[in-house]
Structure formats: structure tokens, C-alpha cells
Amino acid sequence: ALAAREKKKEEEEEMNYFPDEVIEHVFDFVTSHKDRNAISLVCKSWFKIERYSRQRVFIGNCYAVNPVRLLRRFPCLKSLTLKGKPHFADFNLVPHEWGGFVQPWIEALARSRVGLEELRLKRMVVTDESLELLSRSFSSFKSLVLVSCEGFTTDGLASIAANCRHLRDLDLQENEIDDHRGQWLSCFPDTCTTLVTLNFACLEGETNLVALERLVARSPNLKSLKLNRAVPLDALARLMACAPQIVDLGVGSYENDPDSESYLKLEAAIKKCTSLRSLSGFLEAAPHCLSAFHPICHNLTSLNLSYAAEINGSHLIKLIQHCKKLQRLWILDSIGDKGLVVVASTCKELQELRVFPSDLLGVGNTAVTEEGLVAISAGCPKLHSILYFCQQMTNAALITVAKNCPNFVRFRLCILEPNKPDHLTSQPLDEGFGAIVQACKNLRRLSLSGLLTDQIFLYIGMFATELEMLSIAFAGDTDKGMLYVLNGCKKMRKLEIRDSPFGDTALLADVNKYETMRSLWMSSCEVTLGGCKRLAQKAPWLNVEIIDENDNNRMEQNGHEESQKVDKLYLYRTVVGTRTDAPPFVSIL
Amino acid sequence: KSCVALQLKKPKESQMSPEEELQSNVSVASSSPTSNGISRNASGGLKEHNYLGLSDCSSVGSSTLSGLVEDDKATISLKATELTLGLPGSRSPARDTDLNLLSPAKLDEKPFFPLLPSKDEICSSSQKNIASGNKRGFSDTMDQFSEAKSSVYTEKNWMFPEAAATQSVIKKEVTQNIPKGQSSTTNNSSSPPAAKAQIVGWPPVRSYRKNTLATTCKNSDEVDGRPGSGALFVKVSMDGAPYLRKVDLRSYTNYGELSSALEKMFTTFTLGQCGSNGAAGKDMLSETKLKDLLNGKDYVLTYEDKDGDWMLVGDVPWEMFIDVCKKLKIMKGCDAIGLAAAPRAMEKSKMRA
């Protein structure tokens with residue numbers, strides 16, 4: 001009777017009209033993290049079904065949660081993505097020892113015997129020990145993607161190569177790896193034939209070319225191959241000859257004036273790579289050799305020449321003129337405004353453009369201005385994502401861009417000189433950026449630069465309803481600026497601010513706001529230690545970190561403590577309280 | 001066999017076999033422990049080398065190179081890699097043409113982070129010319145000291161951010177900053193437009209990207225008349241310090257500047273170790289305190305080169321140094337004695353011959 005009553009109760013409470021297995025099958029089609037998170041909130045039973053069936057877990061801040069809770073909730077996970085340091089760590093604003101260690105995660109996963117197949121890490125500290133443990137603990141491990149990580153050497157890569165029998169992806173993007181010039185490539189056993197992605201472009205040392213060629217030759221599924229600087233042109237030709245199925249190629253070194261035989265071999269090999277869609281690298285490149293790639297350019301959808309410092313504008317343009325199907329282009333500003341005009345008239349399918357500065361000294365050698373940006377906006381109707389470094393900008397140009405391209409999802413403009421106004425009118429750029437946020441209703445990410453007052457933040461608060469990430473530097477006048485943003489942008493997740501006059505009033509105005517956000521970074525602003533302490537008191541579910549590299553003991557100094565300005569503040573919501581691995585120069589209030 | 005702490009690092013681009021031969025012959029000759037200075041070196045440890053003592057060392061090398069075209073690397077290599085017994089600082093301007101290896105070296109007792117310069121090191125005027133065009137460097141400050149007392153020196157030249165007295169000096173230094181990355185040695189390249197003070201983390205470009213572009217530019221034969229762009233970040237660790245730092249080698253133009261910067265970065269730590277009298281520690285250094293510190297712990301600046309070997313900083317010209325330096329480490333003097341052993345340096349130079 002008890003059982004019958006319970007069953008009836010269950011039936012009444014459940015929203016399900018189908019057995020769990022059916023629901024689960026339906027859930028299989030829901031792959032985005034956001035959607036799966038939403039599903040899990042519908043009811044208890046859906047929460048339960050969803051958690052047991054979730055295979056891919058994304059953790060945007062590794063300190064928001066811990067391995068124990070991860071495994072408790074998602075015991076069947078197969079893929080884990082973790083992000084460690086805050087974004088501004090990319091620009092040397094976060095000391096190396098700040099944190100973001102992957103070791104405890106791998107240890108916990110190994111102990112739990114979860115069937116991990118994929119690990120994707122960004123801005124984390126990875127050691128050889130971690131890699132070794134990873135390689136030995138998961139027999140089905142297939143995919144390792146490390147982006148902007150550090151702390152490991154090629155010895156760690158050797159463990160991965162040697163022990164992961166079914167390795168499919170080894171993708172190392174812009175990591176700092178100590179290259180011991182060992183033989184990690186030879187550590188792939190002869191039986192390893194499953195590679196699909198091999199990206200070691202960021203390794204600085206020599207590469208065992210024989211081992212590499214053998215590896216590529218026995219990997220029929222290899223689709224993405226990105227070589228480092230140490231792979232010369234003749235080796236490239238041989239590699240392409242054994243992997244004509246390649247889809248994504250990163251060229252390493254592209255010598256000056258190779259002998260004609262090497263060049264011809266390369267040409268012949270390239271012509272056979274009819275599946276090639278993405279090209280990158282060219283760290284050392286001879287412009288004359290670029291023409292070997294012209295035959296396949298019409299197939300390219302992605303081109304990254306942003307490291308090709310030696311290719312001048314005209315050769316870039318010659319190459320790009322063949323790339324009519326390009327969807328993504330990363331390039332240096334040496335292409336010039338004229339080059340961007342060519343891009344605008346050639347690449348009608350362009351969706352994402354990044355123009356990086358070639359001259360980082362900012363001494364006036366710049367080649368792109370607002371004109372290039374306007375040309376692109378006029379010529380590329382599908383453009384939704386842009387990162388543009390330039391020396392100067394005008395409100396008029398930005399207003400035109402906004403009119404031409406109301407579809408921006410990501411808009412990042414970096415005027416190299418801080419606080420620079422509209423160079424024609426000397427006005428702040430509030431109106432220009434304002435036009436962007438007003439026109440682009442789907443804008444999710446925005447980076448500001450140039451001379452900006454509180455006004456732009458009013459616009460952002462009013463119009464940028466979908467904005468999730470905002471980067472502010474040298475902008476604003478008063479706390480009002482920050483308040484406009486915090487009040488207006490309901491979907492804000494990551495707010496990072498440097499060198500702007502926002503202080504305690506803004507910081508403390510709405511403490512609960514931070515529960516809806518992943519994190520807030522403020523450096524060289526006006527927030528004080530006292531303000532941060534008050535915040536920490538009001539919000540125990542936040543980790544309020546003060547990073548102070550200059551003096552470990554500053555916190556304990558007598559007098560005027562509360563009014564002391566905080567150099568770097570990083571706060572984030574967390575369900576697991578204060579972290580225990582913080583270095584001495586980080587105080588968690 | 002006691003050996004001289006000589007180091008010869010061939011720059012990547014050098015193709016000078018006849019000179020190489022000359023130098024390897026030379027290196028063999030100098031390995032015999034005849035000179036007084038040599039044995040003192042080996043046994044006396046590193047105290048007697050002034051690797052960071054002066055910007056003189058690289059400045060001298062640099063000053064004689066100032067007339068050269070920037071990418072005339074072969075010539076730079078020849079002069080600069082000449083093996084000598086002398087301390088970098090004691091090299092006379094005439095030295096570069098003089099291949100006399102056994103000229104007497106001035107082996108003074110100097111600490112590695114010479115917070116108190118010795119009165120002996122008066123800069124030559126040629127160095128001053130170099131330094132004058134740049135950010136107020138070591139040699140400028142040295143000149144001042146040679147007239148003033150040490151207390152003035154410490155106040156003016158070791159500019160701790162917190163020290164109010166030095167505030168104006170800091171500002172001055174910042175505003176007369178030459179864009180980093182410019183070689184201080186080339187007076188013939190067009191002078192850059194108004195210098196901009198470098199802001200940490202600006203422009204927002206990943207260090208990885210900066211380093212990669214910088215390496216690419218360096219390796220290209222043609223510089224396009226432009227200085228190497230971008231930064232060159234290397235990690236700096238210090239024995240016993242709880243954290244490591246990163247410095248952009250291209251933001252300095254000589255060893256003196258690097259030394260000052262490292263000093264600033266790591267001083268709080270070393271002073272912390274001093275213990276007593278913490279009040280004065282952070283802001284001003286008293287002369288006696290420094291002496292105590294330095295007598296107690298010698299620190300040596302070492303670097304890991306492209307071959308993975310650890311070498312002492314200061315023996316090669318600055319331009320060559322930033323070409324090969326991958327990492328920096330501030331070691332305790334006693335720990336670094338092994339690095340001074342010449343056999344490895346000798347072997348390397350022979351291997352390259």
C-alpha cells in the first residue's frame with residue numbers, strides 16, 4: 001500500500017508523460033550549455049535526468065565550483081572545459097602564481113574513475129605531472145586542447161603522446177611551453193593512427209622531422225595540422241603530400257627563396273589538398289612562396305596571417321584577392337586601409353575580422369585608420385565579429401559602421417593611444433560607440449577605447465541589453481558610469497575595468513548584481529580596501545580577491561588602511577567559498 | 001684546472017668562420033691559469049665579477065658599435081665576442097681593436113646588485129652620450145654619484161615608487177622615455193616621434209603574440225629600417241622569492257636599466273628578508289643596511305640561453321644578450337659558482353668553431 005501511494009504521488013508530481021529514457025533521448029539533442037542548464041531548472045526529475053546524461057561540462061571559472069561538486073552532480077561526464085585566470089591575465093596584469101591549477105581537478109577525476117575523454121583548458125597552470133597523470137588515468141582519453149596555458153614542458157607532451165592510445169586531438173594554442181627539445185613526437189607509438197588534430201605551432205624548439213612525417217603518414221584521419229617555426233619548407237611539401245586530406249593547415253617556416261625543386265614540390269602537393277579550408281602560421285615567410293597557395297585560395301574559409309610579420313601589404317592583397325569565400329580573416333595592420341578596401345570588395349562572405357597591430361610601440365607607424373573599418377563595414381554584410389587595432393577613430397566613422405553593420409555580436413575596438421578623442425572633432429567617442437550599441441541589438445561583447453565620458457556608459461546601460469562581456473580602459477568620469485552599466489545590462493557576465501575613475505559607490509551600489517555575473521575585474525581604479533571589505537561582508541558568496549604584488553604586508557599597515565586604494569580587485573561568485581591555493585600576494589577578504 | 005669565467009655566445013646569425021677560429025684559439029690560450037686575476041676568480045667566487053655593476057659593460061660595447069648599421073651583426077659579433085679577461089666595466093675603449101687577452105683585469109670586489117656604486121667607476125664620456133639620448137640610465141646616475149655622497153645617490157637612483165622624494169625623478173624618467181624596443185646603439189636610424197611612456201598591459205595584445213612577432217622580426221635579415229617591434233618577455237625568478245615576474249627585455253637598452261628594474265621588483269623581497277628595521281625598508285635604503293644585505297647575501301643574475309644552458313649575465317653585449325636570453329634567474333652567489341666554470345663556456349665556444 002505504501003508503495004502504491006508513493007507511486008501515485010510520484011506520478012502526480014512528475015511532469016513527465018514519457019519514461020526517463022525517452023526524455024533523455026530528447027535531451028541528447030540539446031547540446032548548448034545554456035540550454036542544458038535551463039532544462040535542469042524545470043523540475044526535479046528533469047534535473048536528475050539531465051545531470052546523469054550530461055556529457056560535456058563547461059566551467060567558466062575554475063574557482064566557482066570544485067571537483068567534488070562537479071563529480072557529484074555530473075558523474076557521467078566525458079568532456080570538461082575549465083577556464084582559470086581572468087582575461088586581463090593575457091596582458092600581464094595578473095601575476096603568474098595567482099592560481100588556476102589544473103592538478104587538483106585531474107587528481108579528483110582520476111580518483112573517481114570517470115570516463116574522461118576530452119579536456120579543454122584556458123589560462124590555467126598545467127604541469128608535466130598533471131599531464132602525466134592525465135595520460136595514465138583515462139583509457140578512453142581522446143582530446144586535449146590547451147589555450148594560453150603555462151607551466152609545462154615537452155616532457156608532459158611526451159607522456160600524452162606515449163600513453164593516450166586513442167588520442168585524437170592534441171591542440172596547443174598560444175601556450176608557454178618549455179621546449180626541452182626532446183623527442184616527444186617520437187613518443188607516439190607506431191600503433192597510434194587516430195590523430196585528427198595536431199597543433200604544436202607554439203613550440204619554440206626544433207622538431208624531429210622524421211618522426212613528424214612518419215606520424216602524419218600513419219594518420220589517415222588527420223584534418224588539422226599546425227606546425228611550428230622549426231618545420232622548413234621542404235618538410236612541409238612532404239607532409240602535405242602525405243596528408244592531402246588536410247582541412248586546416250598551419251605553416252611553420254616558409255623560407256626565403258627555396259630552391260626551385262622544393263618550390264615545385266610544394267606547389268604540386270598544395271594542388272592536391274582540395275579539402276583545405278583554413279590556413280595559418282607563416283611565422284617566417286617569403287612572400288614569393290605565397291603564390292604556391294593561390295590555387296587553393298578559392299576554397300579557403302579561414303585565413304590567419306596575423307603572425308606573418310614579414311609579408312607586406314601588397315603580397316597579402318594578392319593572396320586575399322583569390323579568397324572569395326573567406327569567412328574569417330586575421331591579419332596585421334600592415335595590410336593598410338587600401339588592403340582592407342580590397343578585402344571589402346573580395347570577401348563578401350566575411351563574418352569575422354581581426355586586425356592586429358604590427359608595430360607595438362605605437363610610434364605612429366600605423367597603417368589602418370577609421371577608413372579601413374568603414375570600408376569593411378560597407379562591403380561585408382555578414383560581418384558580426386570584429387577586433388580592430390588602429391591609431392585613430394572618429395564618431396562619424398563609427399556611426400557609419402553602425403548603420404552598415406547592425407549585426408555585430410562582438411565589437412572590439414582598440415585605439416592604441418589611451419584617451420584619444422575623435423581626431424577630427426576632438427570630441428569624446430561617446431556618440432560613435434553609442435551608435436554601435438544602439439544599432440547592434442545582438443551585441444554580446446564590447447571593448448571600448450579612446451576618450452570616453454560617462455555618457456557612453458549611459459548609452460550602454462540603455463541599449464546594450466544583450467551585452468555579456470564589457471572591457472573598459474581609461475574611460476569614464478565618475479561612479480555614474482559604472483552604475484549605468486551595472487543597472488542597465490541585465491545579461492552582463494564579465495566586466496573588466498582598468499584605469500578608470502570608478503570607486504566604492506559604484507562597487508557597492510548593488511551587491512546582488514554580482515551573483516548574476518561570473519566575475520568583475522577592476523585595476524587602477526578608485527576602489528578602496530575599506531570598500532572591498534564592506535563588499536565582502538555583504539556578500540559571503542563572493543570571493544573578493546585583492547592582488548597586491550608590491551607589498552605582502554600592506555594590508556596590515558597601520559593607519560589609513562580603509563581608504564587605501566586597491567591596485568587590483570577580482571571578484572567572482574562561487575559556491576565553494578574561499579580558495580585555499582591563493583599565493584601570499586592575494587588576499588581574499 | 002682553474003678556469004676563467006669567460007663566456008662566448010655566438011649569435012644565431014653570425015657567419016664568421018675565420019673569426020671563430022681566431023677566438024677559439026684565443027680561448028685555448030686563456031685557459032691556462034697564469035694570470036693573478038684568474039685563480040682569484042675561480043676560488044673567490046663571483047663576488048669579484050661585476051656583471052651588473054655598470055651599464056658600462058654593455059655601454060662600452062654599445063658605444064663603439066653606435067656607428068655601425070644595426071643589422072651589421074657580423075661586425076658586432078666580432079668585437080663584442082672578443083674574449084677578454086677584464087671585467088666588462090674595465091674595458092678601455094681602445095680594447096676593441098686590441099686582441100691582447102692577458103691585459104690586466106681590474107678585479108674589484110663588487111656586488112652584483114651594486115646598490116652602492118664604487119667610486120672607481122667613473123663613466124667615460126662616450127657612455128654618457130649613449131645614455132643621454134635614452135631614459136635616464138645607470139650611467140647618468142653614476143655620474144651624479146661620483147660627486148655626491150652615497151646618501152644622495154641612494155635617494156635619487158634607487159627609485160622606489162613609494163618614496164615621495166623621488167617622485168619628481170620618476171616622473172621625469174617616465175616622460176623622457178624613449179620608445180622601448182629601440183636599439184640604443186643605433187644613432188643612425190631615424191629618431192622616433194614623441195616618446196610614449198609604456199603602460200603595463202597596453203595595448204591589449206597577448207604576450208605570446210608580442211613575443212612571436214618580436215622573434216619573427218629579429219630573425220628576418222631585412223629590418224626595413226624599423227626597430228624590432230614588440231616586446232620580448234622573459235620570466236624572472238629569484239631564489240627564495242615566492243613569485244616570479246616577467247620583464248620585457250626590449251624595454252631596456254642596457255644591463256644597467258635591467259638591473260635597476262629587477263632591483264625594484266625584487267627589493268621588497270630581499271628587504272623583507274633583512275628583518276629588523278622594517279620601517280626604513282620599503283621606502284629608503286640606508287647605506288649601512290644595504291651593505292649588510294649585500295655582504296650577507298650575494299645575488300647573481302643568471303640567464304638561460306637558447307641552448308638551455310645557464311650563464312652569468314653581463315659578459316656579452318646587450319644586443320646579443322637579448323637575442324639569446326630565454327629566462328632570467330637571480331641566484332644566490334654561492335649557488336652560481338658552478339656557472340662560472342669555464343670548461344662549459346670553453347666547450348661551447350669550441351663546438352661552435
# chains A, B, ... in the order shown; residues from 1 in each chain; ligands from 1

call {"tool": "residues_around", "arguments": {"residues": "A:Ala211", "least_positions_apart": "5", "cutoff": "10 Å", "atoms": "only C-alpha atoms", "output": "list of chain:residue names"}}
result
A:Gln183, A:Trp184, A:Leu185, A:Ser186, A:Cys187, A:Phe188, A:Val216, A:Ala217

call {"tool": "interface_residues", "arguments": {"of": "chain A", "to": "chain B", "cutoff": "6 Å", "atoms": "only C-alpha atoms", "output": "NGL selection string"}}
result
:A and (90-92 or 359-360)

call {"tool": "write_last_selection", "arguments": {"atoms": "all heavy atoms", "output": "mmCIF file, in the first residue's frame"}}
result
data_model
loop_
_atom_site.group_PDB
_atom_site.id
_atom_site.type_symbol
_atom_site.label_atom_id
_atom_site.label_comp_id
_atom_site.auth_asym_id
_atom_site.auth_seq_id
_atom_site.Cartn_x
_atom_site.Cartn_y
_atom_site.Cartn_z
ATOM 1 N N ASP A 90 45.964 37.893 -19.804
ATOM 2 C CA ASP A 90 46.592 37.861 -21.132
ATOM 3 C C ASP A 90 47.538 39.039 -21.318
ATOM 4 O O ASP A 90 48.450 38.979 -22.143
ATOM 5 C CB ASP A 90 45.536 37.955 -22.240
ATOM 6 C CG ASP A 90 44.827 36.642 -22.482
ATOM 7 O OD1 ASP A 90 45.262 35.617 -21.910
ATOM 8 O OD2 ASP A 90 43.841 36.631 -23.223
ATOM 9 N N PHE A 91 47.287 40.126 -20.611
ATOM 10 C CA PHE A 91 48.076 41.331 -20.814
ATOM 11 C C PHE A 91 48.994 41.604 -19.641
ATOM 12 O O PHE A 91 49.297 42.742 -19.315
ATOM 13 C CB PHE A 91 47.143 42.526 -21.075
ATOM 14 C CG PHE A 91 46.014 42.190 -22.013
ATOM 15 C CD1 PHE A 91 44.703 42.486 -21.683
ATOM 16 C CD2 PHE A 91 46.259 41.548 -23.218
ATOM 17 C CE1 PHE A 91 43.661 42.166 -22.540
ATOM 18 C CE2 PHE A 91 45.226 41.211 -24.086
ATOM 19 C CZ PHE A 91 43.924 41.520 -23.742
ATOM 20 N N ASN A 92 49.389 40.537 -18.981
ATOM 21 C CA ASN A 92 50.371 40.667 -17.897
ATOM 22 C C ASN A 92 49.870 41.408 -16.677
ATOM 23 O O ASN A 92 50.674 41.908 -15.905
ATOM 24 C CB ASN A 92 51.611 41.426 -18.393
ATOM 25 C CG ASN A 92 52.627 40.473 -18.946
ATOM 26 O OD1 ASN A 92 52.364 39.289 -19.095
ATOM 27 N ND2 ASN A 92 53.795 40.985 -19.253
ATOM 28 N N ASP A 359 53.092 47.107 -35.275
ATOM 29 C CA ASP A 359 54.101 47.890 -34.595
ATOM 30 C C ASP A 359 53.601 48.202 -33.199
ATOM 31 O O ASP A 359 52.788 49.079 -32.993
ATOM 32 C CB ASP A 359 54.342 49.187 -35.373
ATOM 33 C CG ASP A 359 55.359 50.066 -34.685
ATOM 34 O OD1 ASP A 359 55.871 49.668 -33.606
ATOM 35 O OD2 ASP A 359 55.644 51.133 -35.217
ATOM 36 N N LEU A 360 54.100 47.464 -32.234
ATOM 37 C CA LEU A 360 53.523 47.567 -30.902
ATOM 38 C C LEU A 360 54.052 48.728 -30.096
ATOM 39 O O LEU A 360 53.689 48.912 -28.954
ATOM 40 C CB LEU A 360 53.764 46.260 -30.145
ATOM 41 C CG LEU A 360 52.898 45.147 -30.718
ATOM 42 C CD1 LEU A 360 53.391 43.801 -30.292
ATOM 43 C CD2 LEU A 360 51.470 45.347 -30.289
#

call {"tool": "select_by_dssp", "arguments": {"residues": "stretch 13-197 of chain A", "states": "helix (DSSP H, G or I)", "output": "NGL selection string"}}
result
:A and (13 or 20-27 or 33-40 or 44-53 or 67-73 or 87-91 or 96-98 or 103-112 or 128-137 or 154-163 or 184-187)

call {"tool": "atom_distance", "arguments": {"atom1": "atom CA of A:Ser306", "atom2": "atom CA of A:Leu467"}}
result
27.3 Å
